[in-house]
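For reference, my_file_33.tsv is printed below; it contains TSV, C-alpha atoms and all ligand atoms.
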```tsv
chain	number	residue	atom	x	y	z
A	21	MET	CA	-40.16	-8.47	-20.48
A	22	ALA	CA	-41.56	-6.25	-17.75
A	23	ASN	CA	-40.96	-9.12	-15.39
A	24	LEU	CA	-37.35	-9.43	-16.47
A	25	ARG	CA	-36.85	-5.75	-15.96
A	26	LEU	CA	-38.42	-5.88	-12.53
A	27	ASN	CA	-36.19	-8.79	-11.60
A	28	TYR	CA	-33.19	-6.86	-12.82
A	29	LEU	CA	-34.12	-3.85	-10.74
A	30	LEU	CA	-34.74	-6.02	-7.71
A	31	ASP	CA	-31.35	-7.67	-8.19
A	32	ARG	CA	-29.67	-4.29	-8.43
A	33	ALA	CA	-31.48	-3.09	-5.33
A	34	LYS	CA	-30.39	-6.21	-3.46
A	35	ALA	CA	-26.80	-5.78	-4.62
A	36	MET	CA	-26.90	-2.22	-3.32
A	37	ASP	CA	-27.78	-3.34	0.17
A	38	LEU	CA	-30.37	-0.62	0.64
A	39	PRO	CA	-30.77	-1.24	4.38
A	40	ARG	CA	-27.08	-0.39	4.78
A	41	VAL	CA	-27.50	2.76	2.70
A	42	TRP	CA	-30.52	3.72	4.80
A	43	ARG	CA	-28.45	3.21	7.96
A	44	MET	CA	-25.61	5.30	6.58
A	45	ALA	CA	-28.11	8.00	5.54
A	46	GLY	CA	-29.37	8.07	9.11
A	47	ASN	CA	-25.89	8.68	10.51
A	48	ILE	CA	-24.97	11.25	7.90
A	49	GLY	CA	-28.33	13.01	8.35
A	50	ARG	CA	-27.71	13.22	12.07
A	51	ASP	CA	-24.24	14.70	11.57
A	52	PHE	CA	-25.43	17.36	9.17
A	53	ARG	CA	-28.92	17.86	10.59
A	54	LYS	CA	-30.58	16.91	7.36
A	55	PRO	CA	-33.57	14.62	6.89
A	56	ARG	CA	-32.58	11.01	6.48
A	57	ALA	CA	-34.79	10.51	3.43
A	58	VAL	CA	-33.20	13.50	1.70
A	59	ILE	CA	-29.72	12.10	2.31
A	60	PHE	CA	-30.85	8.64	1.21
A	61	ALA	CA	-32.23	10.02	-2.07
A	62	ASP	CA	-29.11	12.13	-2.56
A	63	MET	CA	-26.87	9.08	-2.04
A	64	LEU	CA	-28.72	7.21	-4.78
A	65	TRP	CA	-28.69	10.25	-7.04
A	66	SER	CA	-24.96	10.81	-6.44
A	67	ALA	CA	-24.26	7.20	-7.30
A	68	THR	CA	-25.50	7.77	-10.83
A	69	ARG	CA	-24.67	11.46	-11.28
A	70	TYR	CA	-21.15	11.48	-9.81
A	71	GLU	CA	-20.34	7.76	-9.85
A	72	CYS	CA	-20.09	8.05	-6.11
A	73	ALA	CA	-20.09	4.88	-4.01
A	74	PHE	CA	-22.03	5.10	-0.75
A	75	GLN	CA	-18.87	4.87	1.33
A	76	ASP	CA	-17.42	7.67	-0.86
A	77	TYR	CA	-20.48	9.79	-0.09
A	78	GLN	CA	-19.87	9.31	3.62
A	79	ASP	CA	-16.07	9.63	3.55
A	80	TRP	CA	-15.94	12.86	1.56
A	81	ASP	CA	-18.98	14.56	3.01
A	82	PHE	CA	-20.89	14.77	-0.26
A	83	ALA	CA	-23.91	15.84	1.76
A	84	ILE	CA	-22.48	19.35	2.13
A	85	LEU	CA	-20.71	19.72	-1.23
A	86	SER	CA	-21.95	21.67	-4.22
A	87	PRO	CA	-22.20	19.93	-7.59
A	88	ALA	CA	-19.00	21.63	-8.75
A	89	GLU	CA	-17.17	20.50	-5.62
A	90	ARG	CA	-18.49	16.96	-5.96
A	91	ARG	CA	-17.09	16.76	-9.45
A	92	THR	CA	-13.54	17.28	-8.17
A	93	PHE	CA	-13.61	14.08	-6.13
A	94	ALA	CA	-12.06	10.88	-7.39
A	95	THR	CA	-14.59	8.24	-6.34
A	96	HIS	CA	-14.04	4.49	-6.18
A	97	PRO	CA	-15.96	3.85	-9.42
A	98	LYS	CA	-14.00	6.61	-11.17
A	99	SER	CA	-10.73	5.15	-9.91
A	100	ASN	CA	-11.87	1.76	-11.12
A	101	HIS	CA	-12.42	3.26	-14.57
A	102	TYR	CA	-8.87	4.58	-14.56
A	103	SER	CA	-7.64	1.16	-13.60
A	104	LEU	CA	-9.60	-0.47	-16.45
A	105	MET	CA	-8.44	2.16	-18.92
A	106	LEU	CA	-4.75	2.26	-17.91
A	107	ASN	CA	-3.98	-1.19	-16.53
A	108	THR	CA	-4.95	-3.17	-19.58
A	109	ASP	CA	-2.49	-6.05	-19.20
A	110	LYS	CA	-4.62	-8.50	-17.23
A	111	THR	CA	-1.82	-10.98	-16.72
A	112	ALA	CA	0.42	-8.29	-15.30
A	113	ASN	CA	-2.40	-7.09	-13.03
A	114	ALA	CA	-2.98	-10.60	-11.72
A	115	GLN	CA	0.73	-11.07	-11.10
A	116	LEU	CA	0.99	-7.81	-9.21
A	117	SER	CA	-2.03	-8.55	-7.05
A	118	ASN	CA	-0.79	-11.97	-6.02
A	119	LYS	CA	1.17	-11.36	-2.85
A	120	LEU	CA	3.48	-14.34	-3.45
A	121	ASN	CA	4.39	-13.09	-6.92
A	122	PHE	CA	4.82	-9.61	-5.54
A	123	ASN	CA	7.28	-10.84	-2.95
A	124	VAL	CA	9.31	-12.66	-5.60
A	125	ARG	CA	9.41	-9.67	-7.88
A	126	PHE	CA	10.14	-7.05	-5.24
A	127	GLU	CA	12.25	-9.24	-2.95
A	128	ASP	CA	14.99	-6.63	-2.58
A	129	VAL	CA	12.63	-3.96	-1.22
A	130	LEU	CA	10.45	-6.11	1.06
A	131	GLY	CA	12.59	-5.89	4.18
A	132	ARG	CA	11.09	-9.11	5.51
A	133	GLU	CA	11.48	-12.81	5.15
A	134	TRP	CA	8.62	-14.86	3.74
A	135	LEU	CA	7.65	-18.41	2.97
A	136	ASP	CA	5.23	-20.24	0.68
A	137	ILE	CA	3.91	-22.80	3.10
A	138	ARG	CA	3.10	-25.21	0.26
A	139	GLU	CA	6.74	-25.38	-0.73
A	140	ALA	CA	8.30	-25.56	2.70
A	141	ASP	CA	8.90	-28.91	4.39
A	142	ASP	CA	8.35	-29.25	8.13
A	143	GLN	CA	11.91	-28.38	8.98
A	144	ALA	CA	11.86	-25.25	6.83
A	145	LEU	CA	8.55	-24.22	8.39
A	146	LYS	CA	9.86	-24.79	11.89
A	147	ASP	CA	13.05	-22.87	11.17
A	148	PHE	CA	11.04	-19.97	9.77
A	149	LEU	CA	8.80	-19.83	12.82
A	150	ASP	CA	11.77	-20.10	15.15
A	151	ARG	CA	13.44	-17.17	13.48
A	152	HIS	CA	10.42	-14.87	13.98
A	153	ALA	CA	8.52	-14.12	17.15
A	154	ASP	CA	5.46	-13.05	15.14
A	155	VAL	CA	4.37	-13.89	11.65
A	156	MET	CA	1.67	-12.58	9.34
A	157	ALA	CA	-0.29	-15.27	7.52
A	158	LYS	CA	-1.83	-14.10	4.26
A	159	VAL	CA	-4.15	-15.37	1.58
A	160	PRO	CA	-2.06	-14.52	-1.50
A	161	ASP	CA	-4.95	-13.21	-3.62
A	162	SER	CA	-7.07	-11.38	-1.06
A	163	LEU	CA	-7.83	-7.72	-0.47
A	164	GLY	CA	-8.97	-5.30	2.20
A	165	GLY	CA	-7.16	-7.02	5.04
A	166	LYS	CA	-9.20	-10.20	4.57
A	167	GLY	CA	-7.59	-13.49	5.48
A	168	ILE	CA	-4.68	-11.70	7.13
A	169	GLU	CA	-3.80	-12.97	10.56
A	170	ARG	CA	-1.04	-12.19	12.99
A	171	ILE	CA	0.23	-15.32	14.67
A	172	ARG	CA	2.55	-15.32	17.63
A	173	ARG	CA	5.27	-17.93	17.68
A	174	HIS	CA	4.54	-19.01	21.23
A	175	GLU	CA	0.95	-19.83	20.26
A	176	VAL	CA	2.16	-22.42	17.77
A	177	THR	CA	2.66	-25.65	19.66
A	178	ASP	CA	1.56	-28.21	17.09
A	179	LEU	CA	3.26	-27.67	13.75
A	180	THR	CA	1.04	-30.15	11.90
A	181	ALA	CA	-2.12	-28.44	13.12
A	182	PHE	CA	-0.62	-25.05	12.29
A	183	ARG	CA	0.09	-26.13	8.72
A	184	ARG	CA	-3.34	-27.73	8.37
A	185	ASP	CA	-5.11	-24.55	9.55
A	186	ARG	CA	-3.12	-22.35	7.21
A	187	MET	CA	-3.85	-24.63	4.26
A	188	ARG	CA	-7.53	-24.76	5.14
A	189	ASN	CA	-7.71	-20.94	5.30
A	190	ARG	CA	-5.67	-20.66	2.07
A	191	GLN	CA	-3.08	-18.65	4.03
A	192	PHE	CA	-0.27	-20.00	1.90
A	193	LEU	CA	1.96	-17.01	2.51
A	194	LEU	CA	3.77	-16.50	5.79
A	195	GLU	CA	5.65	-13.27	6.34
A	196	GLU	CA	7.90	-12.18	9.11
A	197	PHE	CA	6.00	-9.56	11.14
A	198	LEU	CA	7.66	-6.30	10.21
A	199	VAL	CA	9.34	-4.11	12.77
A	200	GLN	CA	8.40	-0.54	11.96
A	201	HIS	CA	10.23	2.72	12.60
A	202	PRO	CA	9.92	3.75	16.28
A	203	ASP	CA	8.10	7.00	15.39
A	204	LEU	CA	5.35	5.03	13.68
A	205	ALA	CA	5.27	2.48	16.48
A	206	LYS	CA	4.72	5.33	18.94
A	207	LEU	CA	1.79	6.59	16.89
A	208	ASN	CA	0.15	3.16	17.00
A	209	SER	CA	1.88	-0.01	18.03
A	210	SER	CA	-0.97	-2.47	17.36
A	211	SER	CA	-0.24	-2.65	13.64
A	212	VAL	CA	2.34	-1.65	11.12
A	213	ASN	CA	1.11	1.74	9.91
A	214	THR	CA	1.56	2.04	6.18
A	215	MET	CA	1.29	4.70	3.55
A	216	ARG	CA	-0.85	4.28	0.49
A	217	ILE	CA	0.95	6.03	-2.34
A	218	VAL	CA	-0.83	6.14	-5.68
A	219	SER	CA	1.42	6.49	-8.70
A	220	TYR	CA	0.94	6.84	-12.43
A	221	ASN	CA	3.71	6.01	-14.86
A	222	ASP	CA	3.10	7.88	-18.13
A	223	GLY	CA	5.93	6.04	-19.86
A	224	THR	CA	8.59	8.62	-19.18
A	225	LYS	CA	7.71	10.00	-15.77
A	226	VAL	CA	6.15	8.66	-12.60
A	227	HIS	CA	3.54	11.00	-11.12
A	228	ILE	CA	2.61	10.73	-7.47
A	229	LEU	CA	-1.17	11.23	-7.32
A	230	ALA	CA	-1.89	10.70	-3.63
A	231	THR	CA	-0.04	10.07	-0.40
A	232	ALA	CA	-2.04	8.90	2.61
A	233	LEU	CA	-0.99	7.58	5.99
A	234	ARG	CA	-3.02	4.69	7.32
A	235	ILE	CA	-2.98	4.16	11.04
A	236	GLY	CA	-4.25	1.14	12.91
A	237	ALA	CA	-6.19	1.45	16.14
A	238	GLY	CA	-5.93	-1.73	18.14
A	239	GLY	CA	-6.10	-4.17	15.24
A	240	ASP	CA	-3.27	-6.19	13.72
A	241	VAL	CA	-3.71	-4.37	10.40
A	242	ASP	CA	-4.13	-0.72	9.55
A	243	ASN	CA	-6.97	-1.21	7.06
A	244	PHE	CA	-10.40	0.35	7.58
A	245	SER	CA	-11.71	-3.17	8.10
A	246	GLY	CA	-9.33	-3.61	11.04
A	247	GLY	CA	-10.51	-0.43	12.76
A	248	GLY	CA	-7.89	1.71	11.04
A	249	MET	CA	-8.05	5.31	9.86
A	250	TYR	CA	-6.19	7.49	7.40
A	251	THR	CA	-5.13	11.04	6.75
A	252	MET	CA	-3.43	12.79	3.87
A	253	LEU	CA	0.21	13.82	3.83
A	254	SER	CA	1.90	16.99	2.65
A	255	PRO	CA	4.62	16.76	-0.02
A	256	GLU	CA	7.06	16.61	2.91
A	257	GLY	CA	5.29	13.67	4.53
A	258	VAL	CA	3.56	15.57	7.33
A	259	ALA	CA	-0.01	14.59	8.30
A	260	LEU	CA	-2.19	17.51	7.29
A	261	TYR	CA	-5.55	16.77	8.92
A	262	PRO	CA	-7.20	14.63	11.56
A	263	ALA	CA	-7.63	11.03	10.41
A	264	PHE	CA	-11.01	9.42	9.82
A	265	ASP	CA	-12.19	5.83	10.00
A	266	ASP	CA	-14.80	3.52	8.55
A	267	ASN	CA	-17.43	4.78	10.98
A	268	ASN	CA	-16.90	8.41	10.05
A	269	ALA	CA	-15.21	9.17	13.38
A	270	THR	CA	-12.36	11.67	13.17
A	271	HIS	CA	-9.21	11.74	15.25
A	272	GLY	CA	-6.88	14.70	15.71
A	273	ILE	CA	-4.98	12.65	18.23
A	274	HIS	CA	-4.68	8.90	18.14
A	275	PRO	CA	-7.47	7.32	20.23
A	276	LEU	CA	-5.17	4.75	21.86
A	277	SER	CA	-1.70	6.27	21.98
A	278	GLY	CA	-2.75	9.90	22.46
A	279	VAL	CA	-0.08	10.96	19.98
A	280	PRO	CA	-1.13	13.95	17.83
A	281	ILE	CA	-1.94	12.88	14.29
A	282	VAL	CA	-2.01	16.35	12.78
A	283	GLY	CA	1.59	17.37	12.25
A	284	PHE	CA	2.95	13.84	12.53
A	285	ARG	CA	6.00	13.56	10.31
A	286	VAL	CA	6.51	10.27	8.51
A	287	PRO	CA	10.16	9.29	8.90
A	288	LEU	CA	12.19	8.57	5.76
A	289	PHE	CA	9.39	9.99	3.62
A	290	ALA	CA	11.59	11.20	0.76
A	291	GLU	CA	13.17	7.74	0.62
A	292	ALA	CA	9.68	6.21	0.49
A	293	LEU	CA	8.77	8.37	-2.51
A	294	ASP	CA	12.01	7.30	-4.19
A	295	ALA	CA	11.15	3.66	-3.52
A	296	VAL	CA	7.74	4.12	-5.16
A	297	GLN	CA	9.30	5.88	-8.15
A	298	ALA	CA	11.69	2.99	-8.60
A	299	ALA	CA	9.00	0.34	-8.13
A	300	ALA	CA	6.64	2.05	-10.57
A	301	GLN	CA	9.40	2.17	-13.17
A	302	ARG	CA	10.05	-1.50	-12.65
A	303	ILE	CA	6.51	-2.43	-13.58
A	304	PRO	CA	5.53	-0.19	-16.51
A	305	GLU	CA	3.03	-2.83	-17.65
A	306	VAL	CA	0.84	-1.64	-14.77
A	307	PRO	CA	0.98	2.16	-14.97
A	308	PHE	CA	-1.58	3.05	-12.28
A	309	VAL	CA	-0.75	1.51	-8.91
A	310	GLY	CA	-1.57	2.06	-5.26
A	311	TRP	CA	1.48	1.05	-3.22
A	312	ASP	CA	1.44	0.10	0.43
A	313	VAL	CA	4.69	1.32	1.92
A	314	ALA	CA	5.89	0.69	5.45
A	315	ILE	CA	8.82	2.38	7.13
A	316	ALA	CA	11.27	-0.01	8.74
A	317	PRO	CA	13.75	1.44	11.25
A	318	ASN	CA	16.29	2.22	8.54
A	319	ARG	CA	14.45	2.24	5.24
A	320	PRO	CA	11.10	2.18	3.49
A	321	VAL	CA	9.80	-1.22	2.44
A	322	LEU	CA	7.00	-2.22	0.10
A	323	ILE	CA	4.08	-4.26	1.40
A	324	GLU	CA	2.22	-4.64	-1.87
A	325	GLY	CA	1.06	-2.95	-5.06
A	326	ASN	CA	-2.63	-2.68	-5.98
A	327	TYR	CA	-3.56	-2.38	-9.65
A	328	ASN	CA	-7.11	-1.50	-8.64
A	329	THR	CA	-6.33	0.91	-5.85
A	330	GLY	CA	-8.91	2.54	-3.65
A	331	VAL	CA	-9.10	6.31	-3.38
A	332	PHE	CA	-7.54	8.26	-0.52
A	333	GLN	CA	-8.56	11.90	-0.24
A	334	ALA	CA	-8.99	14.62	2.35
A	335	LYS	CA	-12.31	14.69	4.19
A	336	PRO	CA	-13.89	18.13	3.71
A	337	THR	CA	-15.28	18.53	7.25
A	338	VAL	CA	-11.90	17.88	8.83
A	339	SER	CA	-9.62	19.43	6.23
A	340	GLY	CA	-11.72	22.46	5.36
A	341	LEU	CA	-10.83	21.56	1.79
A	342	ARG	CA	-13.81	21.13	-0.51
A	343	LYS	CA	-11.76	19.82	-3.35
A	344	GLY	CA	-10.85	16.26	-4.23
A	345	LEU	CA	-7.90	14.83	-6.13
A	346	LEU	CA	-9.57	14.30	-9.49
A	347	PRO	CA	-7.92	17.39	-11.02
A	348	VAL	CA	-4.55	15.97	-9.93
A	349	TYR	CA	-5.40	12.61	-11.50
A	350	ARG	CA	-6.61	14.30	-14.69
A	351	ALA	CA	-3.57	16.55	-15.01
A	352	ALA	CA	-1.20	13.58	-14.74
A	353	ILE	CA	-3.19	11.06	-16.74
A	354	GLY	CA	-4.42	13.53	-19.32
A	355	ARG	CA	-7.98	12.18	-19.22
B	401	LIG	N1	4.62	-8.62	7.05
B	401	LIG	C1	3.83	-7.80	7.75
B	401	LIG	N2	4.14	-7.49	9.03
B	401	LIG	C2	3.35	-6.68	9.76
B	401	LIG	N3	2.23	-6.10	9.29
B	401	LIG	C3	1.88	-6.36	8.02
B	401	LIG	C4	2.65	-7.22	7.18
B	401	LIG	N4	2.05	-7.28	5.99
B	401	LIG	C5	0.95	-6.52	6.08
B	401	LIG	N5	0.83	-5.97	7.31
B	401	LIG	C6	-0.29	-5.10	7.78
B	401	LIG	O1	-1.48	-5.59	7.21
B	401	LIG	C7	-2.05	-4.59	6.35
B	401	LIG	C8	-2.67	-5.26	5.14
B	401	LIG	O2	-1.68	-5.94	4.42
B	401	LIG	P1	-1.77	-6.13	2.84
B	401	LIG	O3	-1.68	-4.81	2.19
B	401	LIG	O4	-0.80	-7.16	2.43
B	401	LIG	O5	-3.26	-6.72	2.71
B	401	LIG	P2	-4.51	-6.34	1.85
B	401	LIG	O6	-5.61	-7.13	2.39
B	401	LIG	O7	-4.19	-6.52	0.42
B	401	LIG	O8	-4.79	-4.82	2.09
B	401	LIG	P3	-5.51	-3.76	1.10
B	401	LIG	O9	-6.12	-4.50	-0.02
B	401	LIG	O10	-6.51	-3.05	1.97
B	401	LIG	O11	-4.41	-2.86	0.70
B	401	LIG	C9	-0.91	-3.66	6.04
B	401	LIG	O12	-1.36	-2.40	5.64
B	401	LIG	C10	-0.15	-3.66	7.36
B	401	LIG	O13	-0.81	-2.87	8.32
B	402	MG	MG	-2.75	-3.48	1.35
```

Could I get this file's structure written as structure tokens?
Ligand SMILES: Nc1ncnc2c1ncn2[C@@H]1O[C@H](COP(=O)(O)OP(=O)(O)OP(=O)(O)O)[C@@H](O)[C@H]1O
Ligand SMILES: [Mg+2]
Amino acid sequence: MANLRLNYLLDRAKAMDLPRVWRMAGNIGRDFRKPRAVIFADMLWSATRYECAFQDYQDWDFAILSPAERRTFATHPKSNHYSLMLNTDKTANAQLSNKLNFNVRFEDVLGREWLDIREADDQALKDFLDRHADVMAKVPDSLGGKGIERIRRHEVTDLTAFRRDRMRNRQFLLEEFLVQHPDLAKLNSSSVNTMRIVSYNDGTKVHILATALRIGAGGDVDNFSGGGMYTMLSPEGVALYPAFDDNNATHGIHPLSGVPIVGFRVPLFAEALDAVQAAAQRIPEVPFVGWDVAIAPNRPVLIEGNYNTGVFQAKPTVSGLRKGLLPVYRAAIGR
């Protein structure tokens, strides 16, 4: 029995990747001039006390927050609980998270052409590639920017090899590479810069819980994993604070374009909120959704909807705000 318990604890410890936590504690300790071991212990304590993931601890500067302040933050585990509690239709969740299904269902608001490579014959594939200078290949059921690859038309010389590689990587979905609004392209041209808008449909009304702007920085995608960063938006769609990235670096101006991030106004923002309202109403079976919304030159378009959305919140050390979005979540959701 004791052995079983020990094994269990060892498994948990392994799953937690303690060396990574120790590394993160070192960086955070350096930033805040606190002993690494103290931060390390506090990260473990916060994981159980506040359901705070280690990345959450870093992102929202838990090291300097009081217990009361910590409790206002929506953490990834807490958000996951909301998802489990609210998005109870597993079939609907699976359908939403499959990018091919999503594209079928939200065809009219995608603003881009797409193709299921398994259903396209060689001619259809060739025509698709000839119509688009760049395409985005996607694994239909992946997350966090994984399996996503930008492919330039001129790099494709052998169609058979191209198809074989896509099939091997399970990149069954090909999308036209979106052209984004020039304002967003100026901010960062390496990727399409999207908003993450979290919505909750209570059955009669759609509440907007969070609006963040994700910005790429040299990568083909704007996700953290692709070197991207994010900041929160005002109700008018203006970037409120410097953005921060996966490595805890903060950026008041964009590191590559030099364009100021603070004060950046997202074009067609009101239209984007309307698009999310409409989309959320279209899929009441999944009431709690994190939408990825891009802004094309003339209109907002939906990239995808996540039934198990991550959390996007202001970072206390850059925003000066020591309050998270949990009260907003609670007020809308009622729990
Ligand atoms: N058709 C497209 N054209 C250009 N860029 C795109 C396209 N589709 C997606 N992107 C870029 O790739 C990013 C990731 O795309 P998507 O949301 O489909 O993948 P994901 O792995 O599910 O992301 P996450 O789970 O982190 O939300 C987008 O935020 C955007 O920057
Ligand atoms: Mg996404």

Exercise for review: List all protein, DNA and RNA residues that have any atom at most 8 Å from ligand MG 402 (chain B), counting only C-alpha atoms and all ligand atoms, and write the list as a ChimeraX atom specification.
Suggested key: /A:163-165,243,311-312,323-326

Might I get the box with edges along x, y and z of the file that holds all atoms of ligand LIG 401 (chain B) listed there, padded by 4 Å on every side, given as centre and edge lengths in Å to one decimal, as AutoDock Vina command-line options?
```
--center_x -0.9 --center_y -5.5 --center_z 4.9 --size_x 19.1 --size_y 14.2 --size_z 17.8
```

Review point. What's the 8 Å shell around Val199 (chain A), counting all atoms listed in the file, without same-chain residues fewer than 3 positions away, as JSON, numbers by chain?
Key: {"A": [212, 316, 317]}

Review point. Quick one: distance from CA of Pro280 (chain A) to CA of Gly246 (chain A) in Å, one decimal?
Key: 20.5 Å

Review point. Using all atoms listed in the file, which residues sit within 10 Å of Ser103 (chain A) once same-chain residues fewer than 5 positions away are excluded, as a PyMOL selection string?
Key: chain A and resi 97-98+108+113+306-309+326-329

Practice item. Select the residues contacting ligand LIG 401 (chain B) at a distance of at most 9 Å, based on all atoms listed in the file, then format the selection as a ChimeraX atom specification. Key: /A:117,119,130-134,154-170,194-200,211-216,234-236,239-246,248,310-314,323-326,329-330

Kindly reconstruct region 267-286 of chain A with N, CA, C and O atoms and present the result as a tab-separated table (two decimals), in the frame of the given file.
```tsv
chain	number	residue	atom	x	y	z
A	267	ASN	N	-16.18	4.35	10.36
A	267	ASN	CA	-17.43	4.78	10.98
A	267	ASN	C	-17.61	6.28	10.98
A	267	ASN	O	-18.43	6.82	11.71
A	268	ASN	N	-16.78	6.96	10.19
A	268	ASN	CA	-16.90	8.41	10.05
A	268	ASN	C	-16.44	9.15	11.31
A	268	ASN	O	-16.74	10.33	11.47
A	269	ALA	N	-15.75	8.47	12.21
A	269	ALA	CA	-15.21	9.17	13.38
A	269	ALA	C	-13.88	9.81	12.96
A	269	ALA	O	-13.14	9.25	12.16
A	270	THR	N	-13.60	10.99	13.53
A	270	THR	CA	-12.36	11.67	13.17
A	270	THR	C	-11.47	11.80	14.40
A	270	THR	O	-11.95	11.87	15.53
A	271	HIS	N	-10.17	11.79	14.15
A	271	HIS	CA	-9.21	11.74	15.25
A	271	HIS	C	-8.06	12.70	15.01
A	271	HIS	O	-7.22	12.45	14.15
A	272	GLY	N	-8.01	13.78	15.77
A	272	GLY	CA	-6.88	14.70	15.71
A	272	GLY	C	-5.71	14.14	16.49
A	272	GLY	O	-4.55	14.41	16.17
A	273	ILE	N	-6.02	13.39	17.53
A	273	ILE	CA	-4.98	12.65	18.23
A	273	ILE	C	-5.37	11.17	18.18
A	273	ILE	O	-6.55	10.84	18.07
A	274	HIS	N	-4.37	10.32	18.26
A	274	HIS	CA	-4.68	8.90	18.14
A	274	HIS	C	-5.48	8.41	19.35
A	274	HIS	O	-5.08	8.68	20.50
A	275	PRO	N	-6.59	7.69	19.12
A	275	PRO	CA	-7.47	7.32	20.23
A	275	PRO	C	-6.82	6.39	21.26
A	275	PRO	O	-7.24	6.38	22.42
A	276	LEU	N	-5.79	5.66	20.90
A	276	LEU	CA	-5.17	4.75	21.86
A	276	LEU	C	-3.85	5.29	22.40
A	276	LEU	O	-3.59	5.23	23.60
A	277	SER	N	-3.02	5.83	21.53
A	277	SER	CA	-1.70	6.27	21.98
A	277	SER	C	-1.72	7.71	22.50
A	277	SER	O	-0.82	8.11	23.24
A	278	GLY	N	-2.71	8.49	22.07
A	278	GLY	CA	-2.75	9.90	22.46
A	278	GLY	C	-1.75	10.77	21.71
A	278	GLY	O	-1.62	11.96	21.99
A	279	VAL	N	-1.05	10.18	20.75
A	279	VAL	CA	-0.08	10.96	19.98
A	279	VAL	C	-0.83	11.82	18.95
A	279	VAL	O	-1.75	11.34	18.30
A	280	PRO	N	-0.45	13.10	18.83
A	280	PRO	CA	-1.13	13.95	17.83
A	280	PRO	C	-0.92	13.40	16.41
A	280	PRO	O	0.21	13.05	16.04
A	281	ILE	N	-2.01	13.34	15.67
A	281	ILE	CA	-1.94	12.88	14.29
A	281	ILE	C	-1.61	14.05	13.37
A	281	ILE	O	-0.72	13.96	12.53
A	282	VAL	N	-2.30	15.16	13.60
A	282	VAL	CA	-2.01	16.35	12.78
A	282	VAL	C	-0.58	16.81	13.09
A	282	VAL	O	-0.23	16.97	14.26
A	283	GLY	N	0.20	16.95	12.05
A	283	GLY	CA	1.59	17.37	12.25
A	283	GLY	C	2.57	16.22	12.38
A	283	GLY	O	3.78	16.44	12.41
A	284	PHE	N	2.04	14.99	12.44
A	284	PHE	CA	2.95	13.84	12.53
A	284	PHE	C	3.80	13.77	11.26
A	284	PHE	O	3.29	13.85	10.15
A	285	ARG	N	5.09	13.61	11.47
A	285	ARG	CA	6.00	13.56	10.31
A	285	ARG	C	6.42	12.13	10.04
A	285	ARG	O	7.00	11.48	10.92
A	286	VAL	N	6.12	11.63	8.87
A	286	VAL	CA	6.51	10.27	8.51
A	286	VAL	C	8.02	10.22	8.32
A	286	VAL	O	8.57	10.99	7.51
```
